[in-house]
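Right, one structure below, let's go through it.
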Amino acid sequence: MKKSDYRTHDNVADEEMLMSLSGYDDHQMDEDFTGRVMEQIRQTEILPASNGSMAGYTSNPGRRRFRRNVLWAGLGTAAIALAVLLFLLPALSAPQQIQSAKSQRLLIIPSEWSDHHLQEAKKAGVVKLPDIEVTDQGYTLTLQEVVADPNRMILNLRITDAKGQPDEEMMSMFDITQLQLRNEEGLEIGDLQGINHMSTKLGPDKFRIEYLLLTYYFKGEQPGDTVFIEGKVHELMLNYKTNDRISGNWSFSYAADMTTANALTVNTDLSKYSYTTPQGLEILMKGITHSPAGAKIEFSTLLKDELASQVPENRRVNLGVRYHFENAKGQIVGSLINSKYGGMSEMYRVGHDLQLNWSYYLTELPYLSEPIYFVLDGFSIPVESDDSLTFNPALLKTKPAVFAAEGDILNVNNIKITETQTLPGLSAWMAVSGKFSNEFDMDKWMARDGNGTEYDVIRWGSYREGDLVTFGQSSGNSDLVYLIVDGMKSIPKELTLIRTVTDKLFNDADWSFELPRSAATSQ
C-alpha cells in the first residue's frame with residue numbers, strides 16, 4: 001500500500017494524495033485538472049466509491065486485501081473533516097425546481113458494485129429519486145439520487161451546460177459549502193467525508209467527469225425521520241485558471257424520507273466486551289449499528305498509567321488501533337474503513353485525552369447473516385525515545401550511515417545543501433532508505449552538529465507499507481524519502497541524527513469475540 005507524500009506528518013502532498021485516493025489511479029490526469037480538484041478537496045477525505053465496474057464508469061479499482069497485521073485504522077481520517085458554513089437558509093425563490101427527464105439521469109448502479117450495503121440499500125428502497133433540476137444562466141444543476149440512510153447519506157449531483165453536456169470545471173470545483181443537511185429541528189447535521197468525481201472513459205488516458213457522489217456521515221447524532229437537503233447555490237466556477245465564476249440561482253430543497261432505513265436499522269450492544277493489552281491500552285466496546293447502506297462500530301480506548309507516561313502529552317491523540325473482521329473460516333470479511341481503504345472513521349475525546357471514543361463506518365459487514373469475529377491485531381502510538389546515530393557526512397560517498405533501533409533500519413545515503421520553492425531557505429537534505437517494523441508516520445527526529453547546535457528535522461517523501469514499512473529509491477524514484485535538517489546551511493564534519501519520538505507498533509494483542517446476532521434489537 002502506497003502512503004502519500006508528506007512534508008510534515010500532517011501535510012499530505014496534493015498530487016500523491018489525489019492519485020492514491022480519488023479513484024483515478026488507473027490513468028494520468030492533466031496538471032490543470034489535478035489543481036482544480038485538489039483546491040476543492042484539500043481538507044476533505046476522498047472516499048472511493050466502489051470496488052467494481054460501473055457500466056462504463058471508472059471508479060476505485062478493486063478493494064485491496066491485506067494480511068491481518070496490516071489492516072489498521074488510525075487518527076489520520078479522524079482529523080480530516082469539512083468545515084461547512086453555519087447559517088439558516090431563507091425561503092428559496094425562482095428559478096423553480098422541475099422534474100428531470102429520467103432518460104438523461106446517470107444513476108448509481110449498486111447492483112454492479114461490490115459494495116454490499118449499497119446493494120441492500122437499493123433492495124430496501126432507501127435510494128430515492130428526487131428528480132430535482134434547477135436551471136439558470138444556461139446551466140442546470142440536478143440532484144439525481146439520494147441514498148437516505150442513517151449511517152451514510154449519498155448525494156448524486158450533476159451540472160450540465162446548455163447543450164446538456166456535463167461541465168467538468170463546475171463539478172471539479174463545486175463549492176460544497178453551498179450544500180447543507182438539516183434535521184427536523186432545523187439543526188445542521190451530517191459531515192461530508194467523501195467526494196467522488198465519477199467519470200466515463202472517452203479514449204486512451206482521456207476521461208470526462210459525469211457527476212459527483214457526495215457521502216455524508218451522521219456522527220454521534222440521529223438524523224430522525226426526515227433529513228432536509230438544502231442547496232443555496234449562487235455561484236459556479238467557469239475557469240479555474242482565471243478564477244472566473246458565474247452568478248445565478250441554482251438553489252433547491254429536498255426532504256429525504258428516512259423512515260424506511262430507520263425501521264430497518266439494528267442496534268447491538270457490545271458493552272460487555274473489553275480487553276487490556278499487555279502494554280496497558282484498554283479497549284471498551286460500545287455497540288454496532290447495522291442499516292441498509294452501512295454499518296458503524298463504536299468503542300473507546302483508555303491509556304493506563306504506565307503506557308501514558310511513555311507518550312508525549314500532545315501525541316496521545318495519535319493512537320492508531322489495528323483490527324479486522326473475519327468469518328468462522330478465518331477469512332477477512334467486511335470493510336475496514338479509513339482514508340486508504342475507502343471510507344472514514346471518527347475519533348473524539350471524552351473527558352481527557354487519555355480516553356478516546358471511536359466510531360468506524362463500514363460499507364460491508366454481514367454479521368447479521370453469518371458468524372463474524374472482531375479481531376484486535378494491536379495498536380501504534382508515539383512514545384518518547386532517544387535512539388541516535390552519529391556519522392561523518394563526508395563518508396557517505398563510500399557507504400551509507402546506518403541507524404538501527406527497535407527493529408528499524410534507516411540508511412542515510414547522501415546529503416546535500418539545497419532549497420526548493422516549497423521549502424525556501426537552505427537546508428541539508430538527507431536521502432534515506434530503510435525498513436521499519438514500527439510505524440514511520442508519527443516519528444519525530446532532530447539533528448545536532450559537532451558544535452552542539454540543534455535543528456528540527458522534516459520528513460519529505462513517500463513510503464510503502466506492508467508487513468514492514470519500506471521506503472527508499474525505486475525505479476521511478478516514487479519512494480524517495482528525505483530527512484531535511486531545516487536551516488542547516490553547510491555540511492558539518494560530524495552530524496548526529498536523533499529519533500526523539502518513535503511511532504511504536506505493539507502487535508502482541510490476543511483478543512477476539514463474535515459479534516452477537518441474537519442480542520440485536522431493531523429500533
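Simple scheme: letters A, B, ... for chains in C-alpha cells order, numbers from 1 for residues in each chain, numbers from 1 for ligands in the order shown.
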Would you mind listing what lies within 12 Å of A:Ile372 as a PDB file with all heavy atoms, in the first residue's frame, with only C-alpha atoms counted and same-chain residues fewer than 2 positions away left out?
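Below is the file that was written, selection17.pdb:
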ATOM      1  N   HIS A 324      -9.435  -6.176  12.578  1.00  0.00           N
ATOM      2  CA  HIS A 324     -10.120  -6.596  11.364  1.00  0.00           C
ATOM      3  C   HIS A 324     -11.282  -7.500  11.744  1.00  0.00           C
ATOM      4  O   HIS A 324     -11.457  -7.856  12.915  1.00  0.00           O
ATOM      5  CB  HIS A 324      -9.153  -7.319  10.406  1.00  0.00           C
ATOM      6  CG  HIS A 324      -8.723  -8.672  10.868  1.00  0.00           C
ATOM      7  ND1 HIS A 324      -7.658  -8.870  11.723  1.00  0.00           N
ATOM      8  CD2 HIS A 324      -9.221  -9.915  10.600  1.00  0.00           C
ATOM      9  CE1 HIS A 324      -7.527 -10.164  11.959  1.00  0.00           C
ATOM     10  NE2 HIS A 324      -8.448 -10.826  11.297  1.00  0.00           N
ATOM     11  N   PHE A 325     -12.087  -7.856  10.764  1.00  0.00           N
ATOM     12  CA  PHE A 325     -13.185  -8.789  10.958  1.00  0.00           C
ATOM     13  C   PHE A 325     -12.902 -10.039  10.134  1.00  0.00           C
ATOM     14  O   PHE A 325     -12.362  -9.963   9.036  1.00  0.00           O
ATOM     15  CB  PHE A 325     -14.512  -8.175  10.505  1.00  0.00           C
ATOM     16  CG  PHE A 325     -14.892  -6.941  11.272  1.00  0.00           C
ATOM     17  CD1 PHE A 325     -14.636  -5.678  10.745  1.00  0.00           C
ATOM     18  CD2 PHE A 325     -15.503  -7.036  12.509  1.00  0.00           C
ATOM     19  CE1 PHE A 325     -14.980  -4.535  11.441  1.00  0.00           C
ATOM     20  CE2 PHE A 325     -15.853  -5.891  13.212  1.00  0.00           C
ATOM     21  CZ  PHE A 325     -15.592  -4.631  12.680  1.00  0.00           C
ATOM     22  N   GLU A 326     -13.288 -11.181  10.667  1.00  0.00           N
ATOM     23  CA  GLU A 326     -13.123 -12.414   9.905  1.00  0.00           C
ATOM     24  C   GLU A 326     -14.303 -13.345  10.173  1.00  0.00           C
ATOM     25  O   GLU A 326     -15.010 -13.210  11.179  1.00  0.00           O
ATOM     26  CB  GLU A 326     -11.805 -13.102  10.252  1.00  0.00           C
ATOM     27  CG  GLU A 326     -11.640 -13.523  11.690  1.00  0.00           C
ATOM     28  CD  GLU A 326     -10.258 -14.114  11.966  1.00  0.00           C
ATOM     29  OE1 GLU A 326      -9.253 -13.507  11.578  1.00  0.00           O
ATOM     30  OE2 GLU A 326     -10.209 -15.195  12.588  1.00  0.00           O
ATOM     31  N   ASN A 327     -14.499 -14.297   9.255  1.00  0.00           N
ATOM     32  CA  ASN A 327     -15.603 -15.247   9.411  1.00  0.00           C
ATOM     33  C   ASN A 327     -15.122 -16.488  10.157  1.00  0.00           C
ATOM     34  O   ASN A 327     -13.983 -16.546  10.632  1.00  0.00           O
ATOM     35  CB  ASN A 327     -16.215 -15.606   8.055  1.00  0.00           C
ATOM     36  CG  ASN A 327     -15.193 -16.234   7.109  1.00  0.00           C
ATOM     37  OD1 ASN A 327     -14.168 -16.766   7.529  1.00  0.00           O
ATOM     38  ND2 ASN A 327     -15.489 -16.186   5.820  1.00  0.00           N
ATOM     39  N   ALA A 328     -15.980 -17.494  10.250  1.00  0.00           N
ATOM     40  CA  ALA A 328     -15.653 -18.699  11.018  1.00  0.00           C
ATOM     41  C   ALA A 328     -14.499 -19.479  10.410  1.00  0.00           C
ATOM     42  O   ALA A 328     -13.848 -20.270  11.093  1.00  0.00           O
ATOM     43  CB  ALA A 328     -16.894 -19.591  11.122  1.00  0.00           C
ATOM     44  N   LYS A 329     -14.200 -19.241   9.130  1.00  0.00           N
ATOM     45  CA  LYS A 329     -13.085 -19.905   8.469  1.00  0.00           C
ATOM     46  C   LYS A 329     -11.778 -19.123   8.597  1.00  0.00           C
ATOM     47  O   LYS A 329     -10.751 -19.534   8.055  1.00  0.00           O
ATOM     48  CB  LYS A 329     -13.406 -20.099   6.983  1.00  0.00           C
ATOM     49  CG  LYS A 329     -14.598 -21.004   6.727  1.00  0.00           C
ATOM     50  CD  LYS A 329     -14.862 -21.132   5.226  1.00  0.00           C
ATOM     51  CE  LYS A 329     -16.068 -22.026   4.955  1.00  0.00           C
ATOM     52  NZ  LYS A 329     -16.332 -22.135   3.487  1.00  0.00           N
ATOM     53  N   GLY A 330     -11.826 -18.005   9.304  1.00  0.00           N
ATOM     54  CA  GLY A 330     -10.628 -17.188   9.455  1.00  0.00           C
ATOM     55  C   GLY A 330     -10.353 -16.283   8.279  1.00  0.00           C
ATOM     56  O   GLY A 330      -9.277 -15.681   8.190  1.00  0.00           O
ATOM     57  N   GLN A 331     -11.315 -16.138   7.371  1.00  0.00           N
ATOM     58  CA  GLN A 331     -11.147 -15.276   6.206  1.00  0.00           C
ATOM     59  C   GLN A 331     -11.563 -13.851   6.546  1.00  0.00           C
ATOM     60  O   GLN A 331     -12.555 -13.629   7.235  1.00  0.00           O
ATOM     61  CB  GLN A 331     -11.998 -15.803   5.039  1.00  0.00           C
ATOM     62  CG  GLN A 331     -11.639 -17.201   4.594  1.00  0.00           C
ATOM     63  CD  GLN A 331     -12.676 -17.786   3.660  1.00  0.00           C
ATOM     64  OE1 GLN A 331     -13.875 -17.556   3.797  1.00  0.00           O
ATOM     65  NE2 GLN A 331     -12.209 -18.575   2.687  1.00  0.00           N
ATOM     66  N   ILE A 332     -10.783 -12.888   6.066  1.00  0.00           N
ATOM     67  CA  ILE A 332     -11.085 -11.484   6.315  1.00  0.00           C
ATOM     68  C   ILE A 332     -12.353 -11.106   5.568  1.00  0.00           C
ATOM     69  O   ILE A 332     -12.522 -11.408   4.392  1.00  0.00           O
ATOM     70  CB  ILE A 332      -9.917 -10.593   5.889  1.00  0.00           C
ATOM     71  CG1 ILE A 332      -8.702 -10.853   6.782  1.00  0.00           C
ATOM     72  CG2 ILE A 332     -10.300  -9.121   5.944  1.00  0.00           C
ATOM     73  CD1 ILE A 332      -7.461 -10.127   6.363  1.00  0.00           C
ATOM     74  N   VAL A 333     -13.261 -10.437   6.258  1.00  0.00           N
ATOM     75  CA  VAL A 333     -14.523 -10.005   5.652  1.00  0.00           C
ATOM     76  C   VAL A 333     -14.770  -8.550   6.016  1.00  0.00           C
ATOM     77  O   VAL A 333     -14.102  -7.965   6.871  1.00  0.00           O
ATOM     78  CB  VAL A 333     -15.711 -10.866   6.136  1.00  0.00           C
ATOM     79  CG1 VAL A 333     -15.544 -12.312   5.726  1.00  0.00           C
ATOM     80  CG2 VAL A 333     -15.880 -10.754   7.646  1.00  0.00           C
ATOM     81  N   GLY A 334     -15.756  -7.985   5.363  1.00  0.00           N
ATOM     82  CA  GLY A 334     -16.153  -6.627   5.684  1.00  0.00           C
ATOM     83  C   GLY A 334     -15.177  -5.610   5.148  1.00  0.00           C
ATOM     84  O   GLY A 334     -14.274  -5.905   4.372  1.00  0.00           O
ATOM     85  N   GLU A 364     -19.440  -2.598   4.479  1.00  0.00           N
ATOM     86  CA  GLU A 364     -19.806  -4.009   4.349  1.00  0.00           C
ATOM     87  C   GLU A 364     -19.451  -4.765   5.616  1.00  0.00           C
ATOM     88  O   GLU A 364     -18.299  -4.777   6.036  1.00  0.00           O
ATOM     89  CB  GLU A 364     -19.074  -4.638   3.154  1.00  0.00           C
ATOM     90  CG  GLU A 364     -19.440  -6.092   2.900  1.00  0.00           C
ATOM     91  CD  GLU A 364     -18.672  -6.658   1.722  1.00  0.00           C
ATOM     92  OE1 GLU A 364     -17.766  -5.975   1.225  1.00  0.00           O
ATOM     93  OE2 GLU A 364     -18.978  -7.800   1.323  1.00  0.00           O
ATOM     94  N   LEU A 365     -20.434  -5.377   6.251  1.00  0.00           N
ATOM     95  CA  LEU A 365     -20.192  -6.191   7.436  1.00  0.00           C
ATOM     96  C   LEU A 365     -21.415  -7.083   7.675  1.00  0.00           C
ATOM     97  O   LEU A 365     -22.363  -6.702   8.358  1.00  0.00           O
ATOM     98  CB  LEU A 365     -19.939  -5.312   8.665  1.00  0.00           C
ATOM     99  CG  LEU A 365     -19.420  -6.064   9.891  1.00  0.00           C
ATOM    100  CD1 LEU A 365     -18.067  -6.694   9.607  1.00  0.00           C
ATOM    101  CD2 LEU A 365     -19.326  -5.132  11.094  1.00  0.00           C
ATOM    102  N   PRO A 366     -21.435  -8.297   7.128  1.00  0.00           N
ATOM    103  CA  PRO A 366     -22.620  -9.157   7.155  1.00  0.00           C
ATOM    104  C   PRO A 366     -22.770  -9.964   8.435  1.00  0.00           C
ATOM    105  O   PRO A 366     -23.047 -11.167   8.398  1.00  0.00           O
ATOM    106  CB  PRO A 366     -22.385 -10.061   5.946  1.00  0.00           C
ATOM    107  CG  PRO A 366     -20.897 -10.209   5.872  1.00  0.00           C
ATOM    108  CD  PRO A 366     -20.344  -8.870   6.307  1.00  0.00           C
ATOM    109  N   TYR A 367     -22.608  -9.331   9.596  1.00  0.00           N
ATOM    110  CA  TYR A 367     -22.628 -10.101  10.842  1.00  0.00           C
ATOM    111  C   TYR A 367     -24.023 -10.578  11.229  1.00  0.00           C
ATOM    112  O   TYR A 367     -24.159 -11.477  12.075  1.00  0.00           O
ATOM    113  CB  TYR A 367     -22.020  -9.263  11.981  1.00  0.00           C
ATOM    114  CG  TYR A 367     -22.879  -8.119  12.455  1.00  0.00           C
ATOM    115  CD1 TYR A 367     -23.695  -8.247  13.574  1.00  0.00           C
ATOM    116  CD2 TYR A 367     -22.886  -6.900  11.787  1.00  0.00           C
ATOM    117  CE1 TYR A 367     -24.479  -7.203  14.021  1.00  0.00           C
ATOM    118  CE2 TYR A 367     -23.662  -5.844  12.217  1.00  0.00           C
ATOM    119  CZ  TYR A 367     -24.460  -5.996  13.329  1.00  0.00           C
ATOM    120  OH  TYR A 367     -25.247  -4.957  13.760  1.00  0.00           O
ATOM    121  N   LEU A 368     -25.063  -9.991  10.634  1.00  0.00           N
ATOM    122  CA  LEU A 368     -26.409 -10.446  10.958  1.00  0.00           C
ATOM    123  C   LEU A 368     -26.775 -11.738  10.235  1.00  0.00           C
ATOM    124  O   LEU A 368     -27.724 -12.418  10.606  1.00  0.00           O
ATOM    125  CB  LEU A 368     -27.435  -9.356  10.614  1.00  0.00           C
ATOM    126  CG  LEU A 368     -27.346  -8.067  11.436  1.00  0.00           C
ATOM    127  CD1 LEU A 368     -28.412  -7.086  11.001  1.00  0.00           C
ATOM    128  CD2 LEU A 368     -27.448  -8.354  12.922  1.00  0.00           C
ATOM    129  N   SER A 369     -26.008 -12.074   9.179  1.00  0.00           N
ATOM    130  CA  SER A 369     -26.337 -13.251   8.383  1.00  0.00           C
ATOM    131  C   SER A 369     -25.354 -14.407   8.563  1.00  0.00           C
ATOM    132  O   SER A 369     -25.637 -15.526   8.138  1.00  0.00           O
ATOM    133  CB  SER A 369     -26.409 -12.879   6.899  1.00  0.00           C
ATOM    134  OG  SER A 369     -25.176 -12.331   6.456  1.00  0.00           O
ATOM    135  N   GLU A 370     -24.199 -14.165   9.195  1.00  0.00           N
ATOM    136  CA  GLU A 370     -23.213 -15.225   9.408  1.00  0.00           C
ATOM    137  C   GLU A 370     -22.332 -14.859  10.591  1.00  0.00           C
ATOM    138  O   GLU A 370     -22.241 -13.690  10.969  1.00  0.00           O
ATOM    139  CB  GLU A 370     -22.356 -15.428   8.155  1.00  0.00           C
ATOM    140  CG  GLU A 370     -21.513 -14.217   7.774  1.00  0.00           C
ATOM    141  CD  GLU A 370     -20.602 -14.500   6.590  1.00  0.00           C
ATOM    142  OE1 GLU A 370     -19.724 -15.385   6.734  1.00  0.00           O
ATOM    143  OE2 GLU A 370     -20.762 -13.842   5.549  1.00  0.00           O
ATOM    144  N   PHE A 374     -14.743  -9.941  15.589  1.00  0.00           N
ATOM    145  CA  PHE A 374     -13.876  -8.775  15.733  1.00  0.00           C
ATOM    146  C   PHE A 374     -12.535  -9.274  16.252  1.00  0.00           C
ATOM    147  O   PHE A 374     -12.482  -9.950  17.286  1.00  0.00           O
ATOM    148  CB  PHE A 374     -14.488  -7.774  16.709  1.00  0.00           C
ATOM    149  CG  PHE A 374     -13.634  -6.572  17.006  1.00  0.00           C
ATOM    150  CD1 PHE A 374     -13.846  -5.369  16.357  1.00  0.00           C
ATOM    151  CD2 PHE A 374     -12.606  -6.641  17.951  1.00  0.00           C
ATOM    152  CE1 PHE A 374     -13.064  -4.256  16.644  1.00  0.00           C
ATOM    153  CE2 PHE A 374     -11.818  -5.547  18.240  1.00  0.00           C
ATOM    154  CZ  PHE A 374     -12.041  -4.339  17.579  1.00  0.00           C
ATOM    155  N   VAL A 375     -11.447  -8.971  15.555  1.00  0.00           N
ATOM    156  CA  VAL A 375     -10.116  -9.442  15.946  1.00  0.00           C
ATOM    157  C   VAL A 375      -9.211  -8.234  16.133  1.00  0.00           C
ATOM    158  O   VAL A 375      -8.981  -7.457  15.198  1.00  0.00           O
ATOM    159  CB  VAL A 375      -9.510 -10.386  14.889  1.00  0.00           C
ATOM    160  CG1 VAL A 375      -8.143 -10.886  15.347  1.00  0.00           C
ATOM    161  CG2 VAL A 375     -10.452 -11.561  14.624  1.00  0.00           C
ATOM    162  N   SER A 512     -10.272 -11.589  20.612  1.00  0.00           N
ATOM    163  CA  SER A 512     -11.295 -11.569  19.577  1.00  0.00           C
ATOM    164  C   SER A 512     -12.612 -11.972  20.206  1.00  0.00           C
ATOM    165  O   SER A 512     -12.652 -12.584  21.279  1.00  0.00           O
ATOM    166  CB  SER A 512     -10.936 -12.512  18.422  1.00  0.00           C
ATOM    167  OG  SER A 512     -10.933 -13.864  18.862  1.00  0.00           O
ATOM    168  N   PHE A 513     -13.709 -11.635  19.545  1.00  0.00           N
ATOM    169  CA  PHE A 513     -15.019 -12.078  20.007  1.00  0.00           C
ATOM    170  C   PHE A 513     -15.979 -12.066  18.823  1.00  0.00           C
ATOM    171  O   PHE A 513     -15.786 -11.352  17.835  1.00  0.00           O
ATOM    172  CB  PHE A 513     -15.556 -11.197  21.144  1.00  0.00           C
ATOM    173  CG  PHE A 513     -15.860  -9.772  20.739  1.00  0.00           C
ATOM    174  CD1 PHE A 513     -17.123  -9.421  20.265  1.00  0.00           C
ATOM    175  CD2 PHE A 513     -14.884  -8.786  20.823  1.00  0.00           C
ATOM    176  CE1 PHE A 513     -17.411  -8.114  19.898  1.00  0.00           C
ATOM    177  CE2 PHE A 513     -15.160  -7.485  20.463  1.00  0.00           C
ATOM    178  CZ  PHE A 513     -16.414  -7.142  19.994  1.00  0.00           C
ATOM    179  N   GLU A 514     -17.013 -12.891  18.922  1.00  0.00           N
ATOM    180  CA  GLU A 514     -18.009 -12.951  17.858  1.00  0.00           C
ATOM    181  C   GLU A 514     -19.025 -11.828  18.045  1.00  0.00           C
ATOM    182  O   GLU A 514     -19.527 -11.602  19.156  1.00  0.00           O
ATOM    183  CB  GLU A 514     -18.730 -14.295  17.868  1.00  0.00           C
ATOM    184  CG  GLU A 514     -19.758 -14.429  16.750  1.00  0.00           C
ATOM    185  CD  GLU A 514     -20.488 -15.763  16.773  1.00  0.00           C
ATOM    186  OE1 GLU A 514     -20.110 -16.623  17.597  1.00  0.00           O
ATOM    187  OE2 GLU A 514     -21.438 -15.924  15.977  1.00  0.00           O
ATOM    188  N   LEU A 515     -19.313 -11.108  16.967  1.00  0.00           N
ATOM    189  CA  LEU A 515     -20.347 -10.082  17.022  1.00  0.00           C
ATOM    190  C   LEU A 515     -21.693 -10.757  17.245  1.00  0.00           C
ATOM    191  O   LEU A 515     -22.098 -11.629  16.459  1.00  0.00           O
ATOM    192  CB  LEU A 515     -20.374  -9.284  15.720  1.00  0.00           C
ATOM    193  CG  LEU A 515     -19.102  -8.504  15.383  1.00  0.00           C
ATOM    194  CD1 LEU A 515     -19.247  -7.826  14.027  1.00  0.00           C
ATOM    195  CD2 LEU A 515     -18.788  -7.480  16.463  1.00  0.00           C
ATOM    196  N   PRO A 516     -22.397 -10.405  18.318  1.00  0.00           N
ATOM    197  CA  PRO A 516     -23.645 -11.105  18.636  1.00  0.00           C
ATOM    198  C   PRO A 516     -24.756 -10.770  17.648  1.00  0.00           C
ATOM    199  O   PRO A 516     -24.884  -9.636  17.201  1.00  0.00           O
ATOM    200  CB  PRO A 516     -23.981 -10.589  20.041  1.00  0.00           C
ATOM    201  CG  PRO A 516     -23.308  -9.265  20.128  1.00  0.00           C
ATOM    202  CD  PRO A 516     -22.056  -9.371  19.302  1.00  0.00           C
ATOM    203  N   ARG A 517     -25.538 -11.772  17.327  1.00  0.00           N
ATOM    204  CA  ARG A 517     -26.691 -11.567  16.452  1.00  0.00           C
ATOM    205  C   ARG A 517     -28.003 -11.656  17.223  1.00  0.00           C
ATOM    206  O   ARG A 517     -28.921 -10.897  16.989  1.00  0.00           O
ATOM    207  CB  ARG A 517     -26.687 -12.605  15.324  1.00  0.00           C
ATOM    208  CG  ARG A 517     -25.612 -12.359  14.287  1.00  0.00           C
ATOM    209  CD  ARG A 517     -25.581 -13.495  13.284  1.00  0.00           C
ATOM    210  NE  ARG A 517     -25.015 -14.714  13.866  1.00  0.00           N
ATOM    211  CZ  ARG A 517     -25.127 -15.916  13.318  1.00  0.00           C
ATOM    212  NH1 ARG A 517     -25.801 -16.059  12.181  1.00  0.00           N
ATOM    213  NH2 ARG A 517     -24.579 -16.968  13.885  1.00  0.00           N
TER     214      ARG A 517
END
- request: Calculate how many Å separate atom CA of A:Lys416 from atom CA of A:Asp503, rounding to one decimal.
  value: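 Atom CA of A:Asp503 lies 26.8 Å from atom CA of A:Lys416.
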field: Shell around A:Leu213 at 7 Å using only C-alpha atoms, local window under 5 positions removed, as a PyMOL selection string
entry: chain A and resi 154-157+195-197
Write out, as a PDB file, in the first residue's frame, the residues just selected, with N, CA and C atoms.
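Writing the result to again05.pdb gives the following:
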ATOM      1  N   ILE A 154     -25.760   9.456   0.645  1.00  0.00           N
ATOM      2  CA  ILE A 154     -25.008   9.720  -0.582  1.00  0.00           C
ATOM      3  C   ILE A 154     -25.870  10.543  -1.523  1.00  0.00           C
ATOM      4  N   LEU A 155     -25.315  11.653  -2.025  1.00  0.00           N
ATOM      5  CA  LEU A 155     -25.996  12.509  -2.985  1.00  0.00           C
ATOM      6  C   LEU A 155     -25.344  12.338  -4.346  1.00  0.00           C
ATOM      7  N   ASN A 156     -26.158  12.186  -5.358  1.00  0.00           N
ATOM      8  CA  ASN A 156     -25.713  12.102  -6.750  1.00  0.00           C
ATOM      9  C   ASN A 156     -26.054  13.438  -7.399  1.00  0.00           C
ATOM     10  N   LEU A 157     -25.021  14.255  -7.672  1.00  0.00           N
ATOM     11  CA  LEU A 157     -25.194  15.628  -8.141  1.00  0.00           C
ATOM     12  C   LEU A 157     -24.558  15.787  -9.515  1.00  0.00           C
ATOM     13  N   ILE A 195     -15.883  12.681  -1.475  1.00  0.00           N
ATOM     14  CA  ILE A 195     -16.199  13.319  -2.756  1.00  0.00           C
ATOM     15  C   ILE A 195     -15.667  12.419  -3.855  1.00  0.00           C
ATOM     16  N   ASN A 196     -16.543  11.991  -4.742  1.00  0.00           N
ATOM     17  CA  ASN A 196     -16.129  11.212  -5.902  1.00  0.00           C
ATOM     18  C   ASN A 196     -16.509  11.951  -7.169  1.00  0.00           C
ATOM     19  N   HIS A 197     -15.552  12.165  -8.027  1.00  0.00           N
ATOM     20  CA  HIS A 197     -15.822  12.712  -9.349  1.00  0.00           C
ATOM     21  C   HIS A 197     -15.927  11.531 -10.303  1.00  0.00           C
TER      22      HIS A 197
END
Picked from stretch 232-455 of chain A by DSSP as strand (DSSP E), as a ChimeraX atom specification: /A:235-239,244-247,252-257,266-269,274-276,281-291,294-303,320-327,332-333,344-350,352-362,372-391,401-405,408-418,427-436,444-449,454-455
Distance query A:Val147 at most 8 Å, only C-alpha atoms, self and fewer than 4 positions along chain excluded, as a ChimeraX atom specification: /A:121,126-128,152-155,293
Selection from above, C-alpha atoms, as a PDB file, in the first residue's frame, can you write it?
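Saved to again_24.pdb:
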ATOM      1  CA  ALA A 121     -29.993  -0.122   0.220  1.00  0.00           C
ATOM      2  CA  VAL A 126     -33.798   3.708   0.617  1.00  0.00           C
ATOM      3  CA  VAL A 127     -32.361   5.004  -2.676  1.00  0.00           C
ATOM      4  CA  LYS A 128     -34.565   7.999  -3.510  1.00  0.00           C
ATOM      5  CA  ARG A 152     -24.314   7.329   5.412  1.00  0.00           C
ATOM      6  CA  MET A 153     -26.202   9.573   3.019  1.00  0.00           C
ATOM      7  CA  ILE A 154     -25.008   9.720  -0.582  1.00  0.00           C
ATOM      8  CA  LEU A 155     -25.996  12.509  -2.985  1.00  0.00           C
ATOM      9  CA  ALA A 293     -26.496   1.257   3.449  1.00  0.00           C
TER      10      ALA A 293
END
field: Who sits within 7 Å of stretch 250-261 of chain A, only C-alpha atoms, same chain under 4 positions skipped, as a PyMOL selection string
entry: chain A and resi 92+97+126+134-136+141+148-150+225-234+265+291-292
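Counting only C-alpha atoms and comparing A:Tyr482, A:Phe440, A:Trp460, A:Phe174, the residue that lies closest to A:Pro382 is A:Phe440.
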message: With only C-alpha atoms as the counted atoms, please give the residues lying no more than 12 Å from A:Lys272, apart from itself and same-chain residues fewer than 2 positions off, as a list in words.
response: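 Contacts, with the query itself left out: Thr268, Asp269, Leu270, Ser274, Tyr275, Ile283, Leu284, Met285, Lys286, Gly287, Phe299, Phe513, Leu515, Pro516 and Ala519 of chain A.
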query: Which distance in Å separates atom CA of A:Val469 and atom CA of A:Phe436, to one decimal?
result: 4.9 Å
message: I need the residues of stretch 348-445 of chain A that end up classed as helix (DSSP H, G or I) by DSSP on the backbone, written out as a list of chain:residue names.
response: A:Pro393, A:Ala394, A:Leu395, A:Leu396, A:Lys397
task: Can you work out which one of A:Pro278, A:Pro312, A:Pro492, A:Gly487 has the shortest atom-to-atom distance to A:Gly425, counting only C-alpha atoms?
output: A:Gly487
field: From A:Trp445, A:Tyr373, A:Phe471, A:Phe218, residue lying nearest A:Ile484 [only C-alpha atoms]
entry: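 Among the listed residues, A:Trp445 lies closest to A:Ile484.
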- line: Counting only C-alpha atoms, closest pick from A:Leu376, A:Val146, A:Met173, A:Val432 relative to A:Val402 is A:Val432
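With distances restricted to only C-alpha atoms, A:Met442 is the closest residue to A:Arg315 from A:Met442, A:Thr398, A:Val457, A:Thr289.
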message: Which residues are near A:Glu313? Cut-off 12 Å, only C-alpha atoms, ignore same chain within fewer than 5 positions. Put them as a list of chain:residue names.
response: A:Leu303, A:Leu307, A:Ala308, A:Asn318, A:Leu319, A:His352, A:Asp353, A:Leu354, A:Ile381, A:Pro382, A:Val383, A:Glu384, A:Val501
